[in-house]
file my_file36.cif (mmCIF, C-alpha atoms)
data_structure
#
loop_
_atom_site.label_atom_id
_atom_site.label_comp_id
_atom_site.auth_asym_id
_atom_site.auth_seq_id
_atom_site.Cartn_x
_atom_site.Cartn_y
_atom_site.Cartn_z
CA MET A 10 -49.00 -15.11 147.82
CA LYS A 11 -50.80 -18.39 148.51
CA TYR A 12 -49.43 -21.84 147.78
CA SER A 13 -51.09 -25.11 146.98
CA LEU A 14 -50.14 -28.71 147.19
CA MET A 15 -49.38 -30.49 143.96
CA VAL A 16 -50.19 -33.75 145.77
CA ALA A 17 -46.62 -34.95 145.87
CA ALA A 18 -43.24 -33.39 146.69
CA ALA A 19 -41.94 -35.84 149.16
CA ALA A 20 -44.80 -36.13 151.43
CA ILE A 21 -46.91 -33.93 149.56
CA ALA A 22 -45.80 -32.45 146.31
CA LEU A 23 -46.69 -29.00 147.35
CA GLY A 24 -46.60 -26.46 144.57
CA PHE A 25 -47.27 -22.79 144.84
CA SER A 26 -50.21 -21.26 143.03
CA GLY A 27 -53.12 -18.95 143.69
CA LEU A 28 -55.11 -21.63 145.49
CA SER A 29 -55.92 -21.54 149.19
CA ALA A 30 -55.07 -24.27 151.70
CA GLU A 31 -58.58 -25.63 151.26
CA ALA A 32 -57.81 -26.23 147.60
CA CYS A 33 -54.38 -27.79 148.03
CA ASN A 34 -55.37 -30.80 145.97
CA PRO A 35 -55.47 -29.58 142.34
CA PHE A 36 -57.61 -32.59 141.40
CA LEU A 37 -60.52 -31.91 143.79
CA ASP A 38 -62.73 -30.77 140.93
CA LYS A 39 -62.24 -34.24 139.41
CA ALA A 40 -63.62 -35.93 142.55
CA ILE A 41 -60.42 -37.85 143.33
CA THR A 42 -60.89 -40.54 145.94
CA PRO A 43 -58.29 -42.70 147.66
CA THR A 44 -57.18 -45.84 145.86
CA LYS A 45 -58.94 -49.10 146.71
CA LEU A 46 -56.13 -51.63 147.07
CA PRO A 47 -56.46 -55.35 146.20
CA ALA A 48 -57.30 -57.49 149.25
CA GLU A 49 -54.14 -59.57 148.85
CA MET A 50 -52.00 -56.46 149.48
CA LEU A 51 -53.54 -55.85 152.92
CA ALA A 52 -51.98 -57.43 156.01
CA GLU A 53 -55.41 -57.88 157.63
CA ASN A 54 -56.06 -60.66 155.10
CA HIS A 55 -52.96 -62.60 156.15
CA ASN A 56 -51.98 -64.23 159.42
CA LEU A 57 -48.76 -62.27 159.91
CA LYS A 58 -46.77 -61.51 163.02
CA LEU A 59 -46.11 -57.80 163.47
CA PRO A 60 -42.51 -56.94 162.58
CA ASP A 61 -41.68 -55.27 165.90
CA GLY A 62 -43.75 -55.78 169.06
CA ASN A 63 -42.16 -52.75 170.76
CA ASN A 64 -42.91 -50.42 167.84
CA PRO A 65 -46.13 -51.64 166.21
CA ILE A 66 -46.08 -48.95 163.51
CA VAL A 67 -42.90 -50.40 161.96
CA GLY A 68 -43.70 -51.61 158.45
CA LEU A 69 -45.28 -50.59 155.15
CA TRP A 70 -48.63 -48.75 155.05
CA HIS A 71 -51.20 -47.30 152.64
CA VAL A 72 -52.06 -43.87 154.07
CA VAL A 73 -54.85 -41.39 153.36
CA HIS A 74 -54.53 -37.82 154.68
CA THR A 75 -57.78 -35.80 154.73
CA ASP A 76 -57.82 -32.05 155.36
CA SER A 77 -60.00 -30.44 158.04
CA ASN A 78 -62.74 -29.82 155.42
CA GLY A 79 -62.98 -33.54 154.66
CA ASN A 80 -61.18 -33.32 151.29
CA LEU A 81 -58.45 -35.71 150.22
CA PHE A 82 -55.17 -33.96 151.00
CA PHE A 83 -53.02 -36.78 149.59
CA GLU A 84 -52.50 -40.51 149.78
CA SER A 85 -49.23 -42.38 150.00
CA TYR A 86 -47.21 -45.46 150.78
CA ASP A 87 -45.40 -44.86 154.07
CA THR A 88 -42.59 -46.94 155.60
CA TRP A 89 -41.83 -46.65 159.31
CA HIS A 90 -38.42 -48.08 160.31
CA SER A 91 -37.47 -49.39 163.77
CA ASP A 92 -34.56 -46.90 163.99
CA GLY A 93 -37.00 -43.96 164.11
CA ASN A 94 -36.74 -43.02 160.43
CA GLU A 95 -39.78 -42.73 158.18
CA LEU A 96 -40.08 -42.50 154.38
CA GLU A 97 -43.29 -41.59 152.52
CA GLU A 98 -44.00 -41.71 148.78
CA VAL A 99 -46.98 -39.65 147.67
CA ASN A 100 -49.41 -40.68 144.94
CA GLY A 101 -48.86 -37.55 142.88
CA ASP A 102 -47.23 -36.03 139.84
CA PRO A 103 -43.54 -37.01 140.02
CA ARG A 104 -42.54 -33.76 138.28
CA ALA A 105 -43.30 -31.96 141.56
CA GLY A 106 -41.46 -34.50 143.72
CA GLN A 107 -43.09 -37.07 145.92
CA VAL A 108 -40.79 -38.36 148.66
CA CYS A 109 -40.68 -37.13 152.29
CA LEU A 110 -38.28 -38.03 155.08
CA GLY A 111 -39.22 -38.10 158.74
CA GLN A 112 -38.20 -38.87 162.32
CA TRP A 113 -40.58 -40.44 164.83
CA THR A 114 -40.83 -41.67 168.39
CA SER A 115 -43.41 -43.85 170.14
CA LYS A 116 -44.75 -44.96 173.47
CA GLY A 117 -46.73 -48.16 173.02
CA THR A 118 -49.35 -47.72 170.32
CA LYS A 119 -49.08 -43.88 170.33
CA VAL A 120 -46.67 -42.61 167.65
CA HIS A 121 -45.44 -39.04 167.20
CA LEU A 122 -44.02 -37.99 163.84
CA LEU A 123 -41.70 -35.24 165.03
CA ALA A 124 -40.52 -33.96 161.67
CA HIS A 125 -41.58 -34.94 158.17
CA VAL A 126 -39.88 -32.73 155.60
CA THR A 127 -39.54 -32.22 151.88
CA TRP A 128 -38.34 -29.71 149.30
CA LEU A 129 -41.12 -28.12 147.28
CA TYR A 130 -41.01 -27.61 143.50
CA ASP A 131 -43.59 -26.69 140.92
CA ILE A 132 -44.11 -28.98 137.92
CA ASN A 133 -41.59 -26.93 135.92
CA GLY A 134 -38.80 -27.74 138.40
CA ASN A 135 -38.71 -24.32 140.10
CA TYR A 136 -37.86 -24.37 143.82
CA GLN A 137 -40.81 -23.16 145.88
CA GLY A 138 -39.79 -23.73 149.51
CA THR A 139 -40.13 -26.45 152.13
CA MET A 140 -42.80 -28.30 154.04
CA ASN A 141 -42.89 -29.86 157.50
CA MET A 142 -45.66 -32.15 158.71
CA THR A 143 -46.10 -33.40 162.27
CA GLN A 144 -48.49 -36.19 163.26
CA THR A 145 -49.84 -38.02 166.27
CA ASN A 146 -51.08 -41.52 165.39
CA THR A 147 -52.45 -44.50 167.29
CA VAL A 148 -51.97 -48.07 166.03
CA ARG A 149 -55.21 -50.11 166.21
CA GLY A 150 -56.93 -53.24 164.86
CA ARG A 151 -54.45 -55.99 165.78
CA GLY A 152 -51.72 -53.66 164.53
CA ASN A 153 -53.06 -53.49 160.99
CA GLU A 154 -54.33 -49.91 161.02
CA TYR A 155 -53.54 -46.55 162.50
CA ASP A 156 -55.26 -43.18 162.62
CA GLY A 157 -54.45 -39.75 163.91
CA THR A 158 -54.09 -36.06 163.20
CA PHE A 159 -51.58 -34.00 161.23
CA ASP A 160 -50.40 -30.40 160.97
CA CYS A 161 -48.63 -29.44 157.73
CA LYS A 162 -46.78 -26.12 157.55
CA ILE A 163 -45.58 -24.71 154.22
CA TYR A 164 -42.66 -22.28 153.98
CA ASP A 165 -41.38 -20.11 151.13
CA PRO A 166 -37.68 -20.13 150.10
CA ASN A 167 -36.97 -17.43 152.73
CA GLY A 168 -38.33 -19.57 155.57
CA ASN A 169 -41.59 -17.63 155.99
CA GLN A 170 -44.65 -19.74 156.77
CA VAL A 171 -47.14 -19.15 153.96
CA ASP A 172 -49.75 -21.83 154.55
CA GLU A 173 -50.91 -24.49 157.01
CA VAL A 174 -53.16 -27.49 156.51
CA THR A 175 -54.49 -29.65 159.36
CA GLY A 176 -56.51 -32.82 159.21
CA THR A 177 -56.72 -36.53 159.90
CA THR A 178 -54.74 -39.58 158.83
CA ALA A 179 -55.95 -43.15 158.33
CA ALA A 180 -53.70 -46.05 157.34
CA GLU A 181 -53.86 -49.77 156.66
CA ARG A 182 -50.86 -52.09 156.87
CA LEU A 183 -49.65 -53.67 153.64
CA VAL A 184 -48.15 -57.11 153.28
CA SER A 185 -44.42 -56.54 153.04
CA GLN A 186 -42.87 -59.98 152.95
#

call {"tool": "encode", "arguments": {"input": "my_file36.cif", "output": "structure tokens"}}
result
Amino acid sequence: MKYSLMVAAAAIALGFSGLSAEACNPFLDKAITPTKLPAEMLAENHNLKLPDGNNPIVGLWHVVHTDSNGNLFFESYDTWHSDGNELEEVNGDPRAGQVCLGQWTSKGTKVHLLAHVTWLYDINGNYQGTMNMTQTNTVRGRGNEYDGTFDCKIYDPNGNQVDEVTGTTAAERLVSQ
């Protein structure tokens, strides 16, 4: 039984269906592209001091995750907190869930998302399992962007891994005054 992502469920509304990992975005046939945000929302267009010089990823970000085939996996708003907690809201159907919780650590500009978890439901509210995503990111561009890689594992309600999606992440800092 294969599962697909419903483009939400906490950090990826993952819903089970007959689609493969390559087709985890149910909107791919509609040529979905990441949102183009207004310039005034982007930190690069403001002269702002980074919120935490020791942890440059701390703050609010617009994130685009792309699978290893170059397809949009999902996009989100992601908040990295100085206490090592992370919260991501996916741009997806809220009926499937769209919020993920995570724990991270860093060394300079290199950030490791150790665990990024969510409960998975289909759009009818039926429990489908869990998801865990790990990432390695590097903060760049005066602290206003980061990029990296991710590995997303999908588990059924019995804890059996049923799918895995890998790819890249790119993010731009948002103004969060």

call {"tool": "closest_residue", "arguments": {"input": "my_file36.cif", "among": "A:Ile66, A:Thr178, A:Ile132, A:Gly138", "to": "A:Thr158", "atoms": "all atoms listed in the file"}}
result
A:Thr178

call {"tool": "closest_residue", "arguments": {"input": "my_file36.cif", "among": "A:Pro166, A:Pro43, A:Pro103, A:Gly93", "to": "A:His71", "atoms": "all atoms listed in the file"}}
result
A:Pro43

call {"tool": "closest_atom_pairs", "arguments": {"input": "my_file36.cif", "of": "stretch 72-112 of chain A", "to": "stretch 126-129 of chain A", "cutoff": "7 Å", "atoms": "only C-alpha atoms", "output": "JSON lines"}}
result
{"residue": "A:Cys109", "atom": "CA", "partner": "A:Thr127", "partner_atom": "CA", "distance": 5.1}
{"residue": "A:Leu110", "atom": "CA", "partner": "A:Val126", "partner_atom": "CA", "distance": 5.6}
{"residue": "A:Gly111", "atom": "CA", "partner": "A:Val126", "partner_atom": "CA", "distance": 6.3}

call {"tool": "closest_residue", "arguments": {"input": "my_file36.cif", "among": "A:Gly150, A:Glu84, A:Ala124, A:Trp89", "to": "A:Gln107", "atoms": "only C-alpha atoms"}}
result
A:Glu84

call {"tool": "closest_residue", "arguments": {"input": "my_file36.cif", "among": "A:Gly134, A:Leu69, A:Ser77, A:Leu122", "to": "A:Asn94", "atoms": "only C-alpha atoms"}}
result
A:Leu122

call {"tool": "atom_distance", "arguments": {"input": "my_file36.cif", "atom1": "atom CA of A:Gly68", "atom2": "atom CA of A:Thr118"}}
result
13.7 Å

call {"tool": "closest_residue", "arguments": {"input": "my_file36.cif", "among": "A:Val171, A:Val72, A:Val148, A:Met142", "to": "A:Val120", "atoms": "all atoms listed in the file"}}
result
A:Val148

call {"tool": "atom_distance", "arguments": {"input": "my_file36.cif", "atom1": "atom CA of A:Val174", "atom2": "atom CA of A:Thr42"}}
result
18.5 Å

call {"tool": "axis_aligned_box", "arguments": {"input": "my_file36.cif", "around": "stretch 169-179 of chain A", "padding_each_side": "3 Å", "output": "JSON"}}
result
{"center_x": -49.2, "center_y": -30.4, "center_z": 156.9, "size_x": 21.1, "size_y": 31.5, "size_z": 11.9}

call {"tool": "closest_residue", "arguments": {"input": "my_file36.cif", "among": "A:His125, A:Arg182, A:His74, A:Arg104", "to": "A:Gly157", "atoms": "all atoms listed in the file"}}
result
A:His74

call {"tool": "resolve_selection", "arguments": {"input": "my_file36.cif", "expression": "the PyMOL selection byres ((chain A and resi 100) around 6)", "output": "list in words"}}
result
Glu84, Ser85, Val99 and Gly101 of chain A

call {"tool": "resolve_selection", "arguments": {"input": "my_file36.cif", "expression": "the PyMOL selection byres ((chain A and resi 154) around 9)", "output": "PyMOL selection string"}}
result
chain A and resi 53+66+70+147-153+155-156+179-182

call {"tool": "write_last_selection", "arguments": {"input": "my_file36.cif", "atoms": "C-alpha atoms", "output": "PDB file, keeping the file's coordinate frame"}}
result
ATOM      1  CA  GLU A  53     -55.410 -57.880 157.630  1.00  0.00           C
ATOM      2  CA  ILE A  66     -46.080 -48.950 163.510  1.00  0.00           C
ATOM      3  CA  TRP A  70     -48.630 -48.750 155.050  1.00  0.00           C
ATOM      4  CA  THR A 147     -52.450 -44.500 167.290  1.00  0.00           C
ATOM      5  CA  VAL A 148     -51.970 -48.070 166.030  1.00  0.00           C
ATOM      6  CA  ARG A 149     -55.210 -50.110 166.210  1.00  0.00           C
ATOM      7  CA  GLY A 150     -56.930 -53.240 164.860  1.00  0.00           C
ATOM      8  CA  ARG A 151     -54.450 -55.990 165.780  1.00  0.00           C
ATOM      9  CA  GLY A 152     -51.720 -53.660 164.530  1.00  0.00           C
ATOM     10  CA  ASN A 153     -53.060 -53.490 160.990  1.00  0.00           C
ATOM     11  CA  TYR A 155     -53.540 -46.550 162.500  1.00  0.00           C
ATOM     12  CA  ASP A 156     -55.260 -43.180 162.620  1.00  0.00           C
ATOM     13  CA  ALA A 179     -55.950 -43.150 158.330  1.00  0.00           C
ATOM     14  CA  ALA A 180     -53.700 -46.050 157.340  1.00  0.00           C
ATOM     15  CA  GLU A 181     -53.860 -49.770 156.660  1.00  0.00           C
ATOM     16  CA  ARG A 182     -50.860 -52.090 156.870  1.00  0.00           C
TER      17      ARG A 182
END

call {"tool": "atom_distance", "arguments": {"input": "my_file36.cif", "atom1": "atom CA of A:Phe159", "atom2": "atom CA of A:Asn64"}}
result
19.7 Å

call {"tool": "resolve_selection", "arguments": {"input": "my_file36.cif", "expression": "the PyMOL selection byres ((chain A and resi 76) around 8)", "output": "list in words"}}
result
Glu31, His74, Thr75, Ser77, Asn78, Gly79, Asn80, Leu81, Phe82, Val174, Thr175, Gly176 and Thr177 of chain A

call {"tool": "decode", "arguments": {"input": "my_file36.cif", "residues": "stretch 134-154 of chain A", "atoms": "N, CA and C atoms", "output": "PDB file, in the first residue's frame"}}
result
ATOM      1  N   GLY A 134     -10.546  12.858   7.688  1.00  0.00           N
ATOM      2  CA  GLY A 134     -10.264  12.797   9.113  1.00  0.00           C
ATOM      3  C   GLY A 134      -9.849  11.437   9.627  1.00  0.00           C
ATOM      4  N   ASN A 135      -9.508  10.512   8.738  1.00  0.00           N
ATOM      5  CA  ASN A 135      -9.082   9.174   9.148  1.00  0.00           C
ATOM      6  C   ASN A 135      -7.575   9.159   9.402  1.00  0.00           C
ATOM      7  N   TYR A 136      -7.172   8.647  10.557  1.00  0.00           N
ATOM      8  CA  TYR A 136      -5.761   8.563  10.924  1.00  0.00           C
ATOM      9  C   TYR A 136      -5.027   7.642   9.957  1.00  0.00           C
ATOM     10  N   GLN A 137      -3.874   8.116   9.454  1.00  0.00           N
ATOM     11  CA  GLN A 137      -3.126   7.356   8.464  1.00  0.00           C
ATOM     12  C   GLN A 137      -1.719   6.977   8.911  1.00  0.00           C
ATOM     13  N   GLY A 138      -1.218   7.576   9.991  1.00  0.00           N
ATOM     14  CA  GLY A 138       0.129   7.257  10.451  1.00  0.00           C
ATOM     15  C   GLY A 138       0.872   8.494  10.893  1.00  0.00           C
ATOM     16  N   THR A 139       2.197   8.439  10.776  1.00  0.00           N
ATOM     17  CA  THR A 139       3.042   9.558  11.182  1.00  0.00           C
ATOM     18  C   THR A 139       4.100   9.822  10.122  1.00  0.00           C
ATOM     19  N   MET A 140       4.773  10.940  10.302  1.00  0.00           N
ATOM     20  CA  MET A 140       5.820  11.360   9.384  1.00  0.00           C
ATOM     21  C   MET A 140       6.946  11.947  10.211  1.00  0.00           C
ATOM     22  N   ASN A 141       8.179  11.732   9.793  1.00  0.00           N
ATOM     23  CA  ASN A 141       9.335  12.376  10.405  1.00  0.00           C
ATOM     24  C   ASN A 141      10.266  12.854   9.298  1.00  0.00           C
ATOM     25  N   MET A 142      10.604  14.128   9.357  1.00  0.00           N
ATOM     26  CA  MET A 142      11.521  14.721   8.386  1.00  0.00           C
ATOM     27  C   MET A 142      12.769  15.180   9.127  1.00  0.00           C
ATOM     28  N   THR A 143      13.933  14.905   8.560  1.00  0.00           N
ATOM     29  CA  THR A 143      15.189  15.457   9.052  1.00  0.00           C
ATOM     30  C   THR A 143      15.755  16.355   7.961  1.00  0.00           C
ATOM     31  N   GLN A 144      16.539  17.339   8.371  1.00  0.00           N
ATOM     32  CA  GLN A 144      17.126  18.286   7.412  1.00  0.00           C
ATOM     33  C   GLN A 144      18.527  18.670   7.861  1.00  0.00           C
ATOM     34  N   THR A 145      19.336  19.074   6.894  1.00  0.00           N
ATOM     35  CA  THR A 145      20.588  19.765   7.149  1.00  0.00           C
ATOM     36  C   THR A 145      20.544  21.022   6.291  1.00  0.00           C
ATOM     37  N   ASN A 146      20.617  22.184   6.933  1.00  0.00           N
ATOM     38  CA  ASN A 146      20.506  23.466   6.237  1.00  0.00           C
ATOM     39  C   ASN A 146      21.711  24.341   6.547  1.00  0.00           C
ATOM     40  N   THR A 147      22.003  25.260   5.633  1.00  0.00           N
ATOM     41  CA  THR A 147      23.051  26.249   5.834  1.00  0.00           C
ATOM     42  C   THR A 147      22.453  27.631   5.596  1.00  0.00           C
ATOM     43  N   VAL A 148      22.620  28.522   6.586  1.00  0.00           N
ATOM     44  CA  VAL A 148      22.145  29.897   6.470  1.00  0.00           C
ATOM     45  C   VAL A 148      23.138  30.667   5.614  1.00  0.00           C
ATOM     46  N   ARG A 149      22.621  31.457   4.658  1.00  0.00           N
ATOM     47  CA  ARG A 149      23.459  32.210   3.706  1.00  0.00           C
ATOM     48  C   ARG A 149      22.908  33.626   3.518  1.00  0.00           C
ATOM     49  N   GLY A 150      23.530  34.379   2.610  1.00  0.00           N
ATOM     50  CA  GLY A 150      23.012  35.670   2.150  1.00  0.00           C
ATOM     51  C   GLY A 150      22.719  36.669   3.257  1.00  0.00           C
ATOM     52  N   ARG A 151      23.726  37.035   4.038  1.00  0.00           N
ATOM     53  CA  ARG A 151      23.542  37.980   5.147  1.00  0.00           C
ATOM     54  C   ARG A 151      22.496  37.489   6.145  1.00  0.00           C
ATOM     55  N   GLY A 152      22.269  36.181   6.171  1.00  0.00           N
ATOM     56  CA  GLY A 152      21.322  35.600   7.115  1.00  0.00           C
ATOM     57  C   GLY A 152      19.884  35.630   6.655  1.00  0.00           C
ATOM     58  N   ASN A 153      19.653  35.988   5.404  1.00  0.00           N
ATOM     59  CA  ASN A 153      18.287  36.114   4.898  1.00  0.00           C
ATOM     60  C   ASN A 153      17.830  34.950   4.036  1.00  0.00           C
ATOM     61  N   GLU A 154      18.645  33.903   3.934  1.00  0.00           N
ATOM     62  CA  GLU A 154      18.237  32.717   3.182  1.00  0.00           C
ATOM     63  C   GLU A 154      18.951  31.498   3.753  1.00  0.00           C
TER      64      GLU A 154
END
